[in-house]
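Enquirer: Below you will find the structure I want to go over with you.
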Amino acid sequence: MHPLPEESWLQFNRRVLQQSQRPDFPLLERMRFLSIWNRNLDEFFAARIAKPFLKARGSPQHLRLLEEAYAQALLAQERYRALLEEAKEHLRVLEPEELDELDWLYFRAFLAEVVAPKTDIIPWEAAPDVSHGALYFASRGHLVRLPQDLPRLLRVPGQKGTYVRLGALMRTRSDLFLPEASPLYEFRVLRLLESERTRADWDELAQALEARQEGTPTLLVAEESFPPDWLKTLREALGLLPQEAFLLKPPLNLGLVDHLAAEGPPGWRFSPLRPERPRAFLKNPLKRLETKDLLLYHPFEDYAAIERLAKEALRPEVKEVYATLYRIGEENALAEALIQAAQMGKRVHVLLEGRARFDELLNLSWYLRFVRAGVAVLPLSERKVHAKAILLLTQEGGYAHLGTGNYNPLSGRTYTDFSLFTGREGVVRDLAEFFRALQEGRTPRLSLLKTGKAIRRGLVEAIMAEAHPKGRVILKCNHLTDPEILEALVQAAEKGARVDLLVRSTLTLLHPRFHVRSLVGRFLEHARVAAFRHRGKWAVYLTSADLMPRNFQNRFELLFPVLDKEARAKVLRILKRQLRDDRNTFLLTPEGERSLWGGKHDAQRP
């Protein structure tokens, strides 16, 4: 079975949506998964659909994607209403007709004083220019844009846990937004947000961001009562096919359930996770690494250990610091430590990957902060830098962190990822060479570590070494689409090797001899691991790279061995727990998929 990458990814998003039905998840957590599904689908039509949309639009493959996305959207609407019914004891979303006269005393004034002055009214002729993701209303003579800076759910004063949708309220008072009262019908448009510009430096990145909102429309979502002739006019103005218009019941954007999930009772959420803290390391990281590597598994072990290592840049013996930063968020203690080190006169070098999808503007802000603090920001290379590495150099040697996840304090506490801390001479030497090569614009010459196409070659060689009846391969990643790696896995499996694949999202080949699982649960599975039992001994590697052609050809990634015996055993224990999981697992086969829920083995518990 060879599904398109986009088809496989949509099936993953269906698994995300199914989390909203899990009987073992608290109600607000199930709502949260509905919102995650919604964000994912928006991203799909803003970026992931680009290849079939631009190269095979209207083809059977493209239409299958639309059919599956629409089916999920209809199911999500059902789940929204079912979850609200279940939550009605503490959370309610009223329709305008359910408001009483006291409520209307407030909301009439709110619509007139707050909403109307911020509302844009535009002619139908401007329909081709409507903004990505915004909520609009259509009337006979005009289009109305709901203000972006106002919440989609408004609290009903004096009624705890009770809300009304802003869009529904606006429809009751169209006279405030139009020259004369008229029925209003909701719609939103999704567009490609990928720029076609070559973004080789920060100036070009800024220019690309200025123009990004003008991407081609890929989807029109309208309420099911939208007048058919208006819908046809709108769809044709946007240049969309009939199948690229979804008709749904409002609300059209289920991201609003995030507000409900944040406001509901604490007992309807997961209990807070209390991660283990590596106390000896947190007390004195460099001293701890002089004798032994440290491997942590986040979020069950404290992500703060990474931030603690970054603060060691302030120590007198640390002369030079290097770091790769990809998605670091709005507030980041690690980045602040690097800025402080530069302000102290340390030589601090940062590869800030400005082109991380949808984080570009935030990274541009960080770029300015780094430059003005004296941090040397390495030029953007032609390839994206997706490796996750920190290097502290001293007179005697150095200390390194290598990870599978981003240096982001929020995802570091909600994504499962591995962190390797080491002072090994060979790793430090290779990592220093990696950063020097990035500075000089050349290919790194590495020994223990691998980058680029060398990662693919190394994995293919390791897989083929297991192509015999006693062979064993375990790969864990988010996406597995690389043809060479897949072909090596097929050959190994057909020659008798046991091939276990833990693939969270995208897999473009399902072979009868593969044992494939997708884990979807409380935490986002984000770690990338390769393990091979060669002649009775396990070799274990961690990597920043998903197993996709672009990651080997167009990105700087790092694959690194787990050399410490205890750390290697720890990774294997975690992998084997996941291969036994029967609470968060979907078994994927050429015939379809089957969920394993409600069992005794939960790999997402500490």
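Labels used: A, B, ... for chains in the order of the structure tokens, numbers from 1 for residues in each chain, and numbers from 1 for ligands as shown.
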Within 8 Å of A:Gln77, counting only C-alpha atoms, which residues qualify if same-chain residues fewer than 3 places away don't, as a ChimeraX atom specification?
Expert: /A:73-74,80-81,248-249
Enquirer: Using only C-alpha atoms, which protein or nucleic acid residues come within 8 Å of stretch 258-265 of chain A? Drop anything in the same chain fewer than 5 positions from it, and give the result as a PyMOL selection string.
Expert: chain A and resi 28-29+31-32+35+90-91+153+161
Enquirer: What's around A:Tyr163 at 7 Å? Count only C-alpha atoms, leave out sequence neighbours fewer than 6 positions away in its own chain, and write the answer as an mmCIF file with N, CA and C atoms, in the first residue's frame.
Expert:
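This is the output file selection03.cif:
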```
data_model
loop_
_atom_site.group_PDB
_atom_site.id
_atom_site.type_symbol
_atom_site.label_atom_id
_atom_site.label_comp_id
_atom_site.auth_asym_id
_atom_site.auth_seq_id
_atom_site.Cartn_x
_atom_site.Cartn_y
_atom_site.Cartn_z
ATOM 1 N N ARG A 92 -21.601 26.165 29.084
ATOM 2 C CA ARG A 92 -22.674 26.258 28.094
ATOM 3 C C ARG A 92 -22.330 27.325 27.066
ATOM 4 N N VAL A 93 -22.671 27.049 25.815
ATOM 5 C CA VAL A 93 -22.567 28.052 24.754
ATOM 6 C C VAL A 93 -23.985 28.291 24.246
ATOM 7 N N LEU A 94 -24.530 29.449 24.576
ATOM 8 C CA LEU A 94 -25.918 29.752 24.258
ATOM 9 C C LEU A 94 -26.061 30.281 22.837
ATOM 10 N N LEU A 153 -15.656 33.682 21.660
ATOM 11 C CA LEU A 153 -16.647 33.372 22.688
ATOM 12 C C LEU A 153 -16.675 34.497 23.710
ATOM 13 N N LEU A 154 -17.854 34.981 24.026
ATOM 14 C CA LEU A 154 -18.020 36.048 25.009
ATOM 15 C C LEU A 154 -18.721 35.498 26.244
ATOM 16 N N ARG A 155 -18.185 35.850 27.390
ATOM 17 C CA ARG A 155 -18.794 35.422 28.646
ATOM 18 C C ARG A 155 -20.121 36.157 28.877
ATOM 19 N N VAL A 156 -21.145 35.434 29.273
ATOM 20 C CA VAL A 156 -22.429 36.049 29.613
ATOM 21 C C VAL A 156 -22.316 36.579 31.045
#
```
Enquirer: Between A:Leu420, A:Val321, A:Leu289, A:Ala531, single out the one closest to A:Arg498, counting only C-alpha atoms.
Expert: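 Nearest candidate to A:Arg498 out of A:Leu420, A:Val321, A:Leu289, A:Ala531: A:Ala531.
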Enquirer: Report as a ChimeraX atom specification: the residues of stretch 106-274 of chain A with a DSSP assignment of strand (DSSP E or B), based on the backbone of this structure.
Expert: /A:120-123,132,135-138,142-145,153-155,162-165,185-191,217-223,245-248
Enquirer: Between atom CA of A:Leu99 and atom CA of A:Arg269, what distance in Å does the model show, to one decimal?
Expert: 28.8 Å
Enquirer: Can you pull out every residue within 12 Å of A:Glu276, counting only C-alpha atoms, but drop anything in the same chain fewer than 6 positions away, and send it as a PyMOL selection string?
Expert: chain A and resi 282+296-305+413+606
Enquirer: Do you know which residues are at most 10 Å from stretch 110-112 of chain A counting only C-alpha atoms, after dropping those on the same chain fewer than 3 positions away, and could you put them as a list in words?
Expert: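 My reading of the contact set: Trp104, Leu105, Tyr106, Phe107, Val115, Ala116, Pro117, Leu166, Leu169, Met170, Arg173, Leu176 and Phe177 of chain A.
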